[in-house]
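File shown: entry-v3.cif. Contents: mmCIF, C-alpha atoms and all ligand atoms.
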data_model
loop_
_atom_site.group_PDB
_atom_site.id
_atom_site.type_symbol
_atom_site.label_atom_id
_atom_site.label_comp_id
_atom_site.auth_asym_id
_atom_site.auth_seq_id
_atom_site.Cartn_x
_atom_site.Cartn_y
_atom_site.Cartn_z
ATOM 1 C CA MET A 1 23.822 3.691 9.491
ATOM 2 C CA GLY A 2 20.126 4.216 10.038
ATOM 3 C CA ASN A 3 18.117 1.847 12.119
ATOM 4 C CA PHE A 4 15.328 0.758 9.826
ATOM 5 C CA THR A 5 14.792 -2.977 9.401
ATOM 6 C CA LEU A 6 12.917 -5.061 6.871
ATOM 7 C CA MET A 7 9.382 -5.684 8.152
ATOM 8 C CA ALA A 8 8.368 -9.257 8.893
ATOM 9 C CA LEU A 9 5.394 -10.350 6.829
ATOM 10 C CA PRO A 10 2.304 -11.238 8.917
ATOM 11 C CA TYR A 11 1.734 -14.379 6.776
ATOM 12 C CA GLU A 12 3.662 -17.134 4.990
ATOM 13 C CA MET A 13 5.231 -16.444 1.580
ATOM 14 C CA ASP A 14 2.648 -18.650 -0.172
ATOM 15 C CA ALA A 15 -0.368 -17.418 1.843
ATOM 16 C CA LEU A 16 -1.603 -14.973 -0.787
ATOM 17 C CA GLU A 17 -1.543 -17.389 -3.724
ATOM 18 C CA PRO A 18 -2.860 -17.392 -6.388
ATOM 19 C CA VAL A 19 -3.474 -13.616 -6.235
ATOM 20 C CA ILE A 20 0.145 -12.835 -5.304
ATOM 21 C CA SER A 21 2.495 -15.748 -5.939
ATOM 22 C CA LYS A 22 5.230 -16.855 -3.574
ATOM 23 C CA ARG A 23 7.751 -15.930 -6.276
ATOM 24 C CA THR A 24 6.396 -12.366 -6.562
ATOM 25 C CA LEU A 25 6.361 -11.974 -2.793
ATOM 26 C CA GLU A 26 9.939 -13.231 -2.488
ATOM 27 C CA PHE A 27 11.138 -10.595 -4.959
ATOM 28 C CA HIS A 28 8.813 -7.827 -3.826
ATOM 29 C CA HIS A 29 9.508 -8.160 -0.097
ATOM 30 C CA GLY A 30 12.901 -9.832 -0.054
ATOM 31 C CA LYS A 31 14.551 -7.849 -2.870
ATOM 32 C CA HIS A 32 12.681 -4.618 -3.647
ATOM 33 C CA LEU A 33 11.625 -3.611 -0.134
ATOM 34 C CA ALA A 34 14.911 -4.872 1.341
ATOM 35 C CA ALA A 35 16.807 -2.631 -1.102
ATOM 36 C CA TYR A 36 14.786 0.426 -0.070
ATOM 37 C CA VAL A 37 15.623 -0.299 3.591
ATOM 38 C CA ASN A 38 19.335 -0.723 2.857
ATOM 39 C CA ASN A 39 19.384 2.396 0.682
ATOM 40 C CA LEU A 40 17.657 4.526 3.310
ATOM 41 C CA ASN A 41 19.920 3.364 6.125
ATOM 42 C CA GLY A 42 22.976 4.292 4.056
ATOM 43 C CA LEU A 43 21.584 7.667 2.977
ATOM 44 C CA LEU A 44 20.584 8.645 6.528
ATOM 45 C CA GLU A 45 24.188 8.506 7.719
ATOM 46 C CA GLY A 46 25.193 12.095 8.506
ATOM 47 C CA SER A 47 21.888 13.488 7.239
ATOM 48 C CA GLY A 48 20.724 14.832 10.604
ATOM 49 C CA MET A 49 17.563 12.735 10.274
ATOM 50 C CA GLU A 50 18.886 9.547 11.868
ATOM 51 C CA GLU A 51 16.321 9.698 14.691
ATOM 52 C CA ALA A 52 13.280 10.706 12.623
ATOM 53 C CA SER A 53 10.283 8.442 12.059
ATOM 54 C CA LEU A 54 9.431 7.220 8.574
ATOM 55 C CA GLU A 55 6.435 9.600 8.413
ATOM 56 C CA GLU A 56 8.633 12.566 9.422
ATOM 57 C CA ILE A 57 11.233 11.692 6.807
ATOM 58 C CA VAL A 58 8.575 11.300 4.107
ATOM 59 C CA CYS A 59 7.041 14.695 4.951
ATOM 60 C CA LYS A 60 10.212 16.711 5.571
ATOM 61 C CA SER A 61 12.999 15.396 3.330
ATOM 62 C CA SER A 62 13.586 15.318 -0.411
ATOM 63 C CA GLY A 63 15.456 13.390 -3.089
ATOM 64 C CA GLY A 64 16.739 9.886 -2.450
ATOM 65 C CA ILE A 65 16.039 9.936 1.277
ATOM 66 C CA GLN A 66 12.402 10.848 0.705
ATOM 67 C CA ASN A 67 11.959 8.341 -2.127
ATOM 68 C CA ASN A 68 13.391 5.384 -0.201
ATOM 69 C CA ALA A 69 11.556 6.270 3.028
ATOM 70 C CA GLY A 70 8.330 6.705 1.053
ATOM 71 C CA GLN A 71 8.696 3.289 -0.514
ATOM 72 C CA ILE A 72 9.297 1.679 2.896
ATOM 73 C CA LEU A 73 6.225 3.362 4.395
ATOM 74 C CA ASN A 74 4.128 2.467 1.338
ATOM 75 C CA HIS A 75 5.171 -1.187 1.353
ATOM 76 C CA GLU A 76 4.676 -1.594 5.114
ATOM 77 C CA LEU A 77 1.078 -0.419 4.676
ATOM 78 C CA TYR A 78 0.649 -2.553 1.543
ATOM 79 C CA PHE A 79 2.019 -5.844 2.870
ATOM 80 C CA GLY A 80 0.355 -5.223 6.247
ATOM 81 C CA GLN A 81 -3.152 -5.011 4.774
ATOM 82 C CA PHE A 82 -3.458 -8.499 3.256
ATOM 83 C CA CYS A 83 -4.192 -11.950 4.572
ATOM 84 C CA GLY A 84 -4.741 -15.296 2.906
ATOM 85 C CA LYS A 85 -8.196 -15.963 4.289
ATOM 86 C CA PRO A 86 -9.906 -12.686 5.256
ATOM 87 C CA SER A 87 -12.724 -13.026 7.775
ATOM 88 C CA LYS A 88 -14.941 -10.730 5.691
ATOM 89 C CA SER A 89 -15.077 -9.581 2.081
ATOM 90 C CA GLU A 90 -16.031 -5.978 2.799
ATOM 91 C CA PRO A 91 -15.801 -3.525 5.690
ATOM 92 C CA THR A 92 -18.447 -3.187 8.383
ATOM 93 C CA GLY A 93 -19.278 -0.533 10.965
ATOM 94 C CA SER A 94 -18.164 3.091 10.654
ATOM 95 C CA LEU A 95 -15.860 2.445 7.692
ATOM 96 C CA ALA A 96 -18.673 0.791 5.743
ATOM 97 C CA ASP A 97 -20.922 3.764 6.571
ATOM 98 C CA ALA A 98 -18.289 6.289 5.451
ATOM 99 C CA ILE A 99 -17.691 4.419 2.179
ATOM 100 C CA ALA A 100 -21.432 4.295 1.425
ATOM 101 C CA LYS A 101 -21.815 7.996 2.242
ATOM 102 C CA THR A 102 -18.831 9.098 0.119
ATOM 103 C CA PHE A 103 -19.013 6.772 -2.865
ATOM 104 C CA GLY A 104 -22.640 5.620 -2.894
ATOM 105 C CA SER A 105 -21.893 1.932 -2.287
ATOM 106 C CA PHE A 106 -19.031 -0.485 -1.645
ATOM 107 C CA ASP A 107 -19.173 -1.647 -5.275
ATOM 108 C CA ALA A 108 -19.009 1.946 -6.545
ATOM 109 C CA PHE A 109 -16.000 2.563 -4.286
ATOM 110 C CA LYS A 110 -14.224 -0.529 -5.604
ATOM 111 C CA GLU A 111 -14.881 0.481 -9.201
ATOM 112 C CA ASP A 112 -13.541 4.013 -8.662
ATOM 113 C CA PHE A 113 -10.469 2.776 -6.737
ATOM 114 C CA GLN A 114 -9.662 0.129 -9.335
ATOM 115 C CA LYS A 115 -10.097 2.570 -12.220
ATOM 116 C CA LYS A 116 -7.738 5.086 -10.610
ATOM 117 C CA GLY A 117 -5.182 2.287 -10.150
ATOM 118 C CA ALA A 118 -5.553 1.060 -13.707
ATOM 119 C CA THR A 119 -5.214 4.542 -15.220
ATOM 120 C CA LEU A 120 -2.273 5.767 -13.149
ATOM 121 C CA PHE A 121 0.405 6.386 -15.783
ATOM 122 C CA GLY A 122 3.751 4.757 -14.988
ATOM 123 C CA SER A 123 4.733 3.727 -11.461
ATOM 124 C CA GLY A 124 2.860 4.634 -8.333
ATOM 125 C CA TRP A 125 0.110 3.799 -5.878
ATOM 126 C CA VAL A 126 -3.644 4.269 -5.579
ATOM 127 C CA TRP A 127 -4.793 5.104 -2.051
ATOM 128 C CA LEU A 128 -7.880 5.294 0.111
ATOM 129 C CA SER A 129 -7.193 7.817 2.881
ATOM 130 C CA ALA A 130 -9.065 9.595 5.627
ATOM 131 C CA ASP A 131 -8.934 13.047 7.157
ATOM 132 C CA ARG A 132 -9.488 13.699 10.860
ATOM 133 C CA ALA A 133 -13.197 14.234 10.361
ATOM 134 C CA GLY A 134 -13.519 10.765 8.848
ATOM 135 C CA GLY A 135 -13.849 12.032 5.277
ATOM 136 C CA LEU A 136 -12.581 9.572 2.665
ATOM 137 C CA PHE A 137 -10.474 10.255 -0.415
ATOM 138 C CA ILE A 138 -9.137 8.170 -3.300
ATOM 139 C CA THR A 139 -5.883 9.558 -4.705
ATOM 140 C CA GLN A 140 -3.289 8.543 -7.262
ATOM 141 C CA GLU A 141 0.268 9.050 -6.001
ATOM 142 C CA THR A 142 3.216 8.707 -8.365
ATOM 143 C CA ASN A 143 6.452 6.879 -7.605
ATOM 144 C CA ALA A 144 7.055 6.890 -3.822
ATOM 145 C CA ALA A 145 4.493 9.486 -2.709
ATOM 146 C CA ASN A 146 2.165 8.860 0.253
ATOM 147 C CA PRO A 147 -1.037 10.667 1.345
ATOM 148 C CA VAL A 148 0.610 11.647 4.668
ATOM 149 C CA GLN A 149 2.299 14.343 2.597
ATOM 150 C CA LYS A 150 -1.188 15.855 2.122
ATOM 151 C CA GLY A 151 -2.099 15.562 5.804
ATOM 152 C CA LEU A 152 -4.222 12.441 5.242
ATOM 153 C CA THR A 153 -4.084 9.060 6.991
ATOM 154 C CA PRO A 154 -3.526 6.214 4.508
ATOM 155 C CA LEU A 155 -5.952 3.304 4.896
ATOM 156 C CA LEU A 156 -5.665 1.026 1.848
ATOM 157 C CA THR A 157 -3.310 0.943 -1.109
ATOM 158 C CA PHE A 158 -2.698 -1.034 -4.304
ATOM 159 C CA ASP A 159 0.870 -0.960 -5.628
ATOM 160 C CA VAL A 160 0.845 -0.408 -9.392
ATOM 161 C CA TRP A 161 4.590 -0.534 -9.938
ATOM 162 C CA GLU A 162 5.166 -3.358 -12.434
ATOM 163 C CA HIS A 163 7.301 -5.250 -9.903
ATOM 164 C CA ALA A 164 4.117 -5.824 -7.873
ATOM 165 C CA TYR A 165 2.390 -7.916 -10.542
ATOM 166 C CA TYR A 166 4.511 -8.506 -13.629
ATOM 167 C CA LEU A 167 5.623 -12.072 -12.819
ATOM 168 C CA ASP A 168 1.997 -13.150 -12.277
ATOM 169 C CA TYR A 169 -0.040 -10.885 -14.565
ATOM 170 C CA GLN A 170 2.456 -9.373 -17.062
ATOM 171 C CA ASN A 171 0.692 -6.385 -18.709
ATOM 172 C CA ARG A 172 -2.741 -7.189 -17.211
ATOM 173 C CA ARG A 173 -2.676 -4.608 -14.449
ATOM 174 C CA PRO A 174 -6.510 -4.252 -14.281
ATOM 175 C CA ASP A 175 -6.920 -8.028 -13.762
ATOM 176 C CA HIS A 176 -4.352 -7.970 -10.960
ATOM 177 C CA LEU A 177 -6.105 -5.058 -9.228
ATOM 178 C CA ALA A 178 -9.488 -6.788 -9.498
ATOM 179 C CA ALA A 179 -8.032 -9.918 -7.863
ATOM 180 C CA LEU A 180 -6.492 -8.056 -4.916
ATOM 181 C CA TRP A 181 -9.874 -7.435 -3.253
ATOM 182 C CA SER A 182 -10.078 -11.107 -2.245
ATOM 183 C CA ILE A 183 -7.022 -10.829 0.050
ATOM 184 C CA VAL A 184 -7.712 -7.462 1.723
ATOM 185 C CA ASN A 185 -7.857 -7.776 5.512
ATOM 186 C CA TRP A 186 -10.701 -5.342 6.216
ATOM 187 C CA GLU A 187 -10.202 -5.630 9.970
ATOM 188 C CA GLU A 188 -6.774 -3.991 9.532
ATOM 189 C CA ILE A 189 -8.225 -1.220 7.326
ATOM 190 C CA GLU A 190 -10.926 -0.570 9.945
ATOM 191 C CA LEU A 191 -8.225 -0.260 12.636
ATOM 192 C CA ARG A 192 -6.386 2.316 10.515
ATOM 193 C CA PHE A 193 -9.644 4.239 9.994
ATOM 194 C CA GLY A 194 -10.225 4.288 13.754
ATOM 195 C CA LYS A 195 -6.730 5.694 14.385
ATOM 196 C CA ALA A 196 -7.179 8.369 11.693
ATOM 197 C CA ARG A 197 -9.933 9.974 13.721
ATOM 198 C CA MET A 198 -8.134 9.920 17.098
HETATM 199 MN MN MN B 1 6.268 -2.352 -4.678
#

Structure rendered as structure tokens:
Amino acid sequence: MGNFTLMALPYEMDALEPVISKRTLEFHHGKHLAAYVNNLNGLLEGSGMEEASLEEIVCKSSGGIQNNAGQILNHELYFGQFCGKPSKSEPTGSLADAIAKTFGSFDAFKEDFQKKGATLFGSGWVWLSADRAGGLFITQETNAANPVQKGLTPLLTFDVWEHAYYLDYQNRRPDHLAALWSIVNWEEIELRFGKARM
């Protein structure tokens, strides 16, 4: 069996309400993500990749192993980027500068990011990523894909699989995406941006 474990959430199950309900979080973390971890650990047995990191597996494998590892990596970044009471509502410092330079303004960035999440057909993820020079990119990734597969460092992501919002928002994916901004922990995103350029 592989050695991956279900991440501990850095907040209580009801901390993100009303944007993400306790009930959604219990299913999303405790059932969906837990299943990806169990699946991957089973699939890794005898694969020759038992010692690889999640990023290595996502970049170098295929099929079920890649899909389950991708979903674990994606969800760890997703759940790790929120908090119930963020200390600030938008980034500051070098990340704020890079967003203004690339997208014109923070509001223009949010609009573009949200639109790409709302228009992604089927299941997947919208991402803000950085390259080593600090350049920023918004990409749509289907199913379990992650920007590390394109050589980018993922910074921020919104999960647009229906399991992420259906209990709380049903078909109203755009409303769910618009609400997520209020729980983004920009200090965590700034840390990721700093590491991308190291
Ligand atoms: Mn999900």

Would you write out, as a tab-separated table, a table of all residues in range 126-173 of chain A that have an atom no more than 12 Å from an atom of range 50-58 of chain A, listing for each the closest atom pair and the distance in Å to one decimal, considering all atoms listed in the file and ordering rows by chain and rising residue number?
residue	atom	partner	partner_atom	distance
A:Ala144	CA	A:Val58	CA	9.2
A:Ala145	CA	A:Val58	CA	8.1
A:Asn146	CA	A:Val58	CA	7.9
A:Pro147	CA	A:Val58	CA	10.0
A:Val148	CA	A:Glu55	CA	7.2
A:Gln149	CA	A:Val58	CA	7.1
A:Lys150	CA	A:Val58	CA	11.0
A:Gly151	CA	A:Glu55	CA	10.7
A:Leu152	CA	A:Glu55	CA	11.5
A:Thr153	CA	A:Glu55	CA	10.6
A:Pro154	CA	A:Glu55	CA	11.2

Give as JSON, numbers by chain the residues surrounding ligand MN 1 (chain B) up to a distance of 12 Å, considering all atoms listed in the file. {"A": [24, 25, 26, 27, 28, 29, 30, 31, 32, 33, 34, 35, 36, 68, 70, 71, 72, 73, 74, 75, 76, 77, 78, 79, 123, 124, 125, 126, 143, 144, 157, 158, 159, 160, 161, 162, 163, 164, 165, 166]}

Given the selection you just returned, output its residues as a file containing C-alpha atoms, formatted as a PDB file, keeping the file's coordinate frame.
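Saved as part06.pdb:
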ATOM      1  CA  THR A  24       6.396 -12.366  -6.562  1.00  0.00           C
ATOM      2  CA  LEU A  25       6.361 -11.974  -2.793  1.00  0.00           C
ATOM      3  CA  GLU A  26       9.939 -13.231  -2.488  1.00  0.00           C
ATOM      4  CA  PHE A  27      11.138 -10.595  -4.959  1.00  0.00           C
ATOM      5  CA  HIS A  28       8.813  -7.827  -3.826  1.00  0.00           C
ATOM      6  CA  HIS A  29       9.508  -8.160  -0.097  1.00  0.00           C
ATOM      7  CA  GLY A  30      12.901  -9.832  -0.054  1.00  0.00           C
ATOM      8  CA  LYS A  31      14.551  -7.849  -2.870  1.00  0.00           C
ATOM      9  CA  HIS A  32      12.681  -4.618  -3.647  1.00  0.00           C
ATOM     10  CA  LEU A  33      11.625  -3.611  -0.134  1.00  0.00           C
ATOM     11  CA  ALA A  34      14.911  -4.872   1.341  1.00  0.00           C
ATOM     12  CA  ALA A  35      16.807  -2.631  -1.102  1.00  0.00           C
ATOM     13  CA  TYR A  36      14.786   0.426  -0.070  1.00  0.00           C
ATOM     14  CA  ASN A  68      13.391   5.384  -0.201  1.00  0.00           C
ATOM     15  CA  GLY A  70       8.330   6.705   1.053  1.00  0.00           C
ATOM     16  CA  GLN A  71       8.696   3.289  -0.514  1.00  0.00           C
ATOM     17  CA  ILE A  72       9.297   1.679   2.896  1.00  0.00           C
ATOM     18  CA  LEU A  73       6.225   3.362   4.395  1.00  0.00           C
ATOM     19  CA  ASN A  74       4.128   2.467   1.338  1.00  0.00           C
ATOM     20  CA  HIS A  75       5.171  -1.187   1.353  1.00  0.00           C
ATOM     21  CA  GLU A  76       4.676  -1.594   5.114  1.00  0.00           C
ATOM     22  CA  LEU A  77       1.078  -0.419   4.676  1.00  0.00           C
ATOM     23  CA  TYR A  78       0.649  -2.553   1.543  1.00  0.00           C
ATOM     24  CA  PHE A  79       2.019  -5.844   2.870  1.00  0.00           C
ATOM     25  CA  SER A 123       4.733   3.727 -11.461  1.00  0.00           C
ATOM     26  CA  GLY A 124       2.860   4.634  -8.333  1.00  0.00           C
ATOM     27  CA  TRP A 125       0.110   3.799  -5.878  1.00  0.00           C
ATOM     28  CA  VAL A 126      -3.644   4.269  -5.579  1.00  0.00           C
ATOM     29  CA  ASN A 143       6.452   6.879  -7.605  1.00  0.00           C
ATOM     30  CA  ALA A 144       7.055   6.890  -3.822  1.00  0.00           C
ATOM     31  CA  THR A 157      -3.310   0.943  -1.109  1.00  0.00           C
ATOM     32  CA  PHE A 158      -2.698  -1.034  -4.304  1.00  0.00           C
ATOM     33  CA  ASP A 159       0.870  -0.960  -5.628  1.00  0.00           C
ATOM     34  CA  VAL A 160       0.845  -0.408  -9.392  1.00  0.00           C
ATOM     35  CA  TRP A 161       4.590  -0.534  -9.938  1.00  0.00           C
ATOM     36  CA  GLU A 162       5.166  -3.358 -12.434  1.00  0.00           C
ATOM     37  CA  HIS A 163       7.301  -5.250  -9.903  1.00  0.00           C
ATOM     38  CA  ALA A 164       4.117  -5.824  -7.873  1.00  0.00           C
ATOM     39  CA  TYR A 165       2.390  -7.916 -10.542  1.00  0.00           C
ATOM     40  CA  TYR A 166       4.511  -8.506 -13.629  1.00  0.00           C
TER      41      TYR A 166
END

Selection result for the PyMOL selection byres (((chain A and resi 91-97) around 8) and not hetatm) on this file, as a PDB file with C-alpha atoms, in the frame of the given file:
ATOM      1  CA  LYS A  88     -14.941 -10.730   5.691  1.00  0.00           C
ATOM      2  CA  SER A  89     -15.077  -9.581   2.081  1.00  0.00           C
ATOM      3  CA  GLU A  90     -16.031  -5.978   2.799  1.00  0.00           C
ATOM      4  CA  ALA A  98     -18.289   6.289   5.451  1.00  0.00           C
ATOM      5  CA  ILE A  99     -17.691   4.419   2.179  1.00  0.00           C
ATOM      6  CA  ALA A 100     -21.432   4.295   1.425  1.00  0.00           C
ATOM      7  CA  LYS A 101     -21.815   7.996   2.242  1.00  0.00           C
ATOM      8  CA  PHE A 106     -19.031  -0.485  -1.645  1.00  0.00           C
ATOM      9  CA  TRP A 186     -10.701  -5.342   6.216  1.00  0.00           C
ATOM     10  CA  GLU A 187     -10.202  -5.630   9.970  1.00  0.00           C
ATOM     11  CA  GLU A 190     -10.926  -0.570   9.945  1.00  0.00           C
ATOM     12  CA  PHE A 193      -9.644   4.239   9.994  1.00  0.00           C
TER      13      PHE A 193
END

Can you pull out the residues contacting Leu177 in chain A? Cut-off 8 Å, using all atoms listed in the file, and skip same-chain residues under 5 positions away; I want them as a CSV table (one decimal) with C-alpha atoms, in the frame of the given file.
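And here's selection-v3.csv as it stands now:
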chain,number,residue,atom,x,y,z
A,114,GLN,CA,-9.7,0.1,-9.3
A,117,GLY,CA,-5.2,2.3,-10.2
A,118,ALA,CA,-5.6,1.1,-13.7
A,158,PHE,CA,-2.7,-1.0,-4.3

For Met13 in chain A: contacts at 9 Å, only C-alpha atoms, fewer than 3 positions along chain excluded, given as a PyMOL selection string: chain A and resi 9+16-17+21-23+25-26

If you measure from CA of Ile138 in chain A to CA of Phe121 in chain A, what distance in Å do you get, rounded to one decimal? 15.8 Å

Could you please determine the separation between CA of Trp181 in chain A and CA of Ile20 in chain A in Å, to one decimal place? 11.6 Å

For a test of reading the model, state the distance in Å between CA of Ala179 in chain A and CA of Gly84 in chain A, rounded to one decimal.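 CA of Gly84 in chain A lies at a distance of 12.5 Å from CA of Ala179 in chain A.
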
Under the rule that only C-alpha atoms are counted, which of A:His176, A:Ser105, A:Gly42, A:Leu155 is the nearest residue to Asp131 in chain A? A:Leu155

For Lys115 in chain A, the nearest of the candidates A:Val19, A:Ala178, A:Ala133, A:Ile65, counting only C-alpha atoms: A:Ala178

Please enumerate the residues selected by the PyMOL selection byres (((chain A and resi 139) around 8) and not hetatm) when evaluated against the supplied file, formatted as number ranges by chain. A: 116, 126-129, 137-138, 140-141, 147

Residue selection dump (C-alpha atoms) as a PDB file, keeping the file's coordinate frame:
ATOM      1  CA  LYS A 116      -7.738   5.086 -10.610  1.00  0.00           C
ATOM      2  CA  VAL A 126      -3.644   4.269  -5.579  1.00  0.00           C
ATOM      3  CA  TRP A 127      -4.793   5.104  -2.051  1.00  0.00           C
ATOM      4  CA  LEU A 128      -7.880   5.294   0.111  1.00  0.00           C
ATOM      5  CA  SER A 129      -7.193   7.817   2.881  1.00  0.00           C
ATOM      6  CA  PHE A 137     -10.474  10.255  -0.415  1.00  0.00           C
ATOM      7  CA  ILE A 138      -9.137   8.170  -3.300  1.00  0.00           C
ATOM      8  CA  GLN A 140      -3.289   8.543  -7.262  1.00  0.00           C
ATOM      9  CA  GLU A 141       0.268   9.050  -6.001  1.00  0.00           C
ATOM     10  CA  PRO A 147      -1.037  10.667   1.345  1.00  0.00           C
TER      11      PRO A 147
END

Residue nearest Thr119 in chain A - candidates A:Arg132, A:Arg173, A:Lys85, A:Arg197, atoms counted: all atoms listed in the file: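 Ranking A:Arg132, A:Arg173, A:Lys85, A:Arg197 by distance to Thr119 in chain A, first place goes to A:Arg173.
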
Output requested as a PDB file, keeping the file's coordinate frame - range 73-98 of chain A, filled out with N, CA and C atoms.
ATOM      1  N   LEU A  73       7.533   3.102   3.778  1.00  0.00           N
ATOM      2  CA  LEU A  73       6.225   3.362   4.395  1.00  0.00           C
ATOM      3  C   LEU A  73       5.101   2.768   3.543  1.00  0.00           C
ATOM      4  N   ASN A  74       5.168   2.981   2.232  1.00  0.00           N
ATOM      5  CA  ASN A  74       4.128   2.467   1.338  1.00  0.00           C
ATOM      6  C   ASN A  74       4.037   0.938   1.402  1.00  0.00           C
ATOM      7  N   HIS A  75       5.180   0.282   1.360  1.00  0.00           N
ATOM      8  CA  HIS A  75       5.171  -1.187   1.353  1.00  0.00           C
ATOM      9  C   HIS A  75       4.767  -1.771   2.708  1.00  0.00           C
ATOM     10  N   GLU A  76       5.104  -1.089   3.805  1.00  0.00           N
ATOM     11  CA  GLU A  76       4.676  -1.594   5.114  1.00  0.00           C
ATOM     12  C   GLU A  76       3.145  -1.566   5.207  1.00  0.00           C
ATOM     13  N   LEU A  77       2.541  -0.503   4.678  1.00  0.00           N
ATOM     14  CA  LEU A  77       1.078  -0.419   4.676  1.00  0.00           C
ATOM     15  C   LEU A  77       0.480  -1.443   3.716  1.00  0.00           C
ATOM     16  N   TYR A  78       1.125  -1.619   2.571  1.00  0.00           N
ATOM     17  CA  TYR A  78       0.649  -2.553   1.543  1.00  0.00           C
ATOM     18  C   TYR A  78       0.714  -3.999   2.032  1.00  0.00           C
ATOM     19  N   PHE A  79       1.891  -4.456   2.425  1.00  0.00           N
ATOM     20  CA  PHE A  79       2.019  -5.844   2.870  1.00  0.00           C
ATOM     21  C   PHE A  79       1.214  -6.102   4.146  1.00  0.00           C
ATOM     22  N   GLY A  80       1.061  -5.065   4.978  1.00  0.00           N
ATOM     23  CA  GLY A  80       0.355  -5.223   6.247  1.00  0.00           C
ATOM     24  C   GLY A  80      -1.154  -5.304   6.128  1.00  0.00           C
ATOM     25  N   GLN A  81      -1.692  -5.086   4.933  1.00  0.00           N
ATOM     26  CA  GLN A  81      -3.152  -5.011   4.774  1.00  0.00           C
ATOM     27  C   GLN A  81      -3.761  -6.282   4.193  1.00  0.00           C
ATOM     28  N   PHE A  82      -2.941  -7.283   3.898  1.00  0.00           N
ATOM     29  CA  PHE A  82      -3.458  -8.499   3.256  1.00  0.00           C
ATOM     30  C   PHE A  82      -3.495  -9.669   4.234  1.00  0.00           C
ATOM     31  N   CYS A  83      -4.301 -10.649   3.923  1.00  0.00           N
ATOM     32  CA  CYS A  83      -4.192 -11.950   4.572  1.00  0.00           C
ATOM     33  C   CYS A  83      -4.784 -13.005   3.633  1.00  0.00           C
ATOM     34  N   GLY A  84      -4.355 -14.239   3.832  1.00  0.00           N
ATOM     35  CA  GLY A  84      -4.741 -15.296   2.906  1.00  0.00           C
ATOM     36  C   GLY A  84      -6.215 -15.644   2.941  1.00  0.00           C
ATOM     37  N   LYS A  85      -6.786 -15.606   4.139  1.00  0.00           N
ATOM     38  CA  LYS A  85      -8.196 -15.963   4.289  1.00  0.00           C
ATOM     39  C   LYS A  85      -8.902 -14.905   5.127  1.00  0.00           C
ATOM     40  N   PRO A  86      -9.255 -13.764   4.495  1.00  0.00           N
ATOM     41  CA  PRO A  86      -9.906 -12.686   5.256  1.00  0.00           C
ATOM     42  C   PRO A  86     -11.210 -13.155   5.882  1.00  0.00           C
ATOM     43  N   SER A  87     -11.508 -12.616   7.071  1.00  0.00           N
ATOM     44  CA  SER A  87     -12.724 -13.026   7.775  1.00  0.00           C
ATOM     45  C   SER A  87     -13.964 -12.403   7.156  1.00  0.00           C
ATOM     46  N   LYS A  88     -13.780 -11.335   6.365  1.00  0.00           N
ATOM     47  CA  LYS A  88     -14.941 -10.730   5.691  1.00  0.00           C
ATOM     48  C   LYS A  88     -14.499 -10.116   4.380  1.00  0.00           C
ATOM     49  N   SER A  89     -15.411 -10.025   3.437  1.00  0.00           N
ATOM     50  CA  SER A  89     -15.077  -9.581   2.081  1.00  0.00           C
ATOM     51  C   SER A  89     -15.313  -8.093   1.873  1.00  0.00           C
ATOM     52  N   GLU A  90     -15.872  -7.430   2.880  1.00  0.00           N
ATOM     53  CA  GLU A  90     -16.031  -5.978   2.799  1.00  0.00           C
ATOM     54  C   GLU A  90     -16.083  -5.413   4.208  1.00  0.00           C
ATOM     55  N   PRO A  91     -15.827  -4.098   4.341  1.00  0.00           N
ATOM     56  CA  PRO A  91     -15.801  -3.525   5.690  1.00  0.00           C
ATOM     57  C   PRO A  91     -17.186  -3.488   6.313  1.00  0.00           C
ATOM     58  N   THR A  92     -17.196  -3.354   7.646  1.00  0.00           N
ATOM     59  CA  THR A  92     -18.447  -3.187   8.383  1.00  0.00           C
ATOM     60  C   THR A  92     -18.298  -1.954   9.280  1.00  0.00           C
ATOM     61  N   GLY A  93     -19.349  -1.618   9.985  1.00  0.00           N
ATOM     62  CA  GLY A  93     -19.278  -0.533  10.965  1.00  0.00           C
ATOM     63  C   GLY A  93     -19.064   0.838  10.345  1.00  0.00           C
ATOM     64  N   SER A  94     -18.288   1.685  11.060  1.00  0.00           N
ATOM     65  CA  SER A  94     -18.164   3.091  10.654  1.00  0.00           C
ATOM     66  C   SER A  94     -17.454   3.245   9.309  1.00  0.00           C
ATOM     67  N   LEU A  95     -16.529   2.340   8.994  1.00  0.00           N
ATOM     68  CA  LEU A  95     -15.860   2.445   7.692  1.00  0.00           C
ATOM     69  C   LEU A  95     -16.842   2.130   6.564  1.00  0.00           C
ATOM     70  N   ALA A  96     -17.657   1.112   6.756  1.00  0.00           N
ATOM     71  CA  ALA A  96     -18.673   0.791   5.743  1.00  0.00           C
ATOM     72  C   ALA A  96     -19.626   1.969   5.550  1.00  0.00           C
ATOM     73  N   ASP A  97     -20.015   2.611   6.656  1.00  0.00           N
ATOM     74  CA  ASP A  97     -20.922   3.764   6.571  1.00  0.00           C
ATOM     75  C   ASP A  97     -20.270   4.910   5.801  1.00  0.00           C
ATOM     76  N   ALA A  98     -18.986   5.179   6.111  1.00  0.00           N
ATOM     77  CA  ALA A  98     -18.289   6.289   5.451  1.00  0.00           C
ATOM     78  C   ALA A  98     -18.114   6.013   3.957  1.00  0.00           C
TER      79      ALA A  98
END
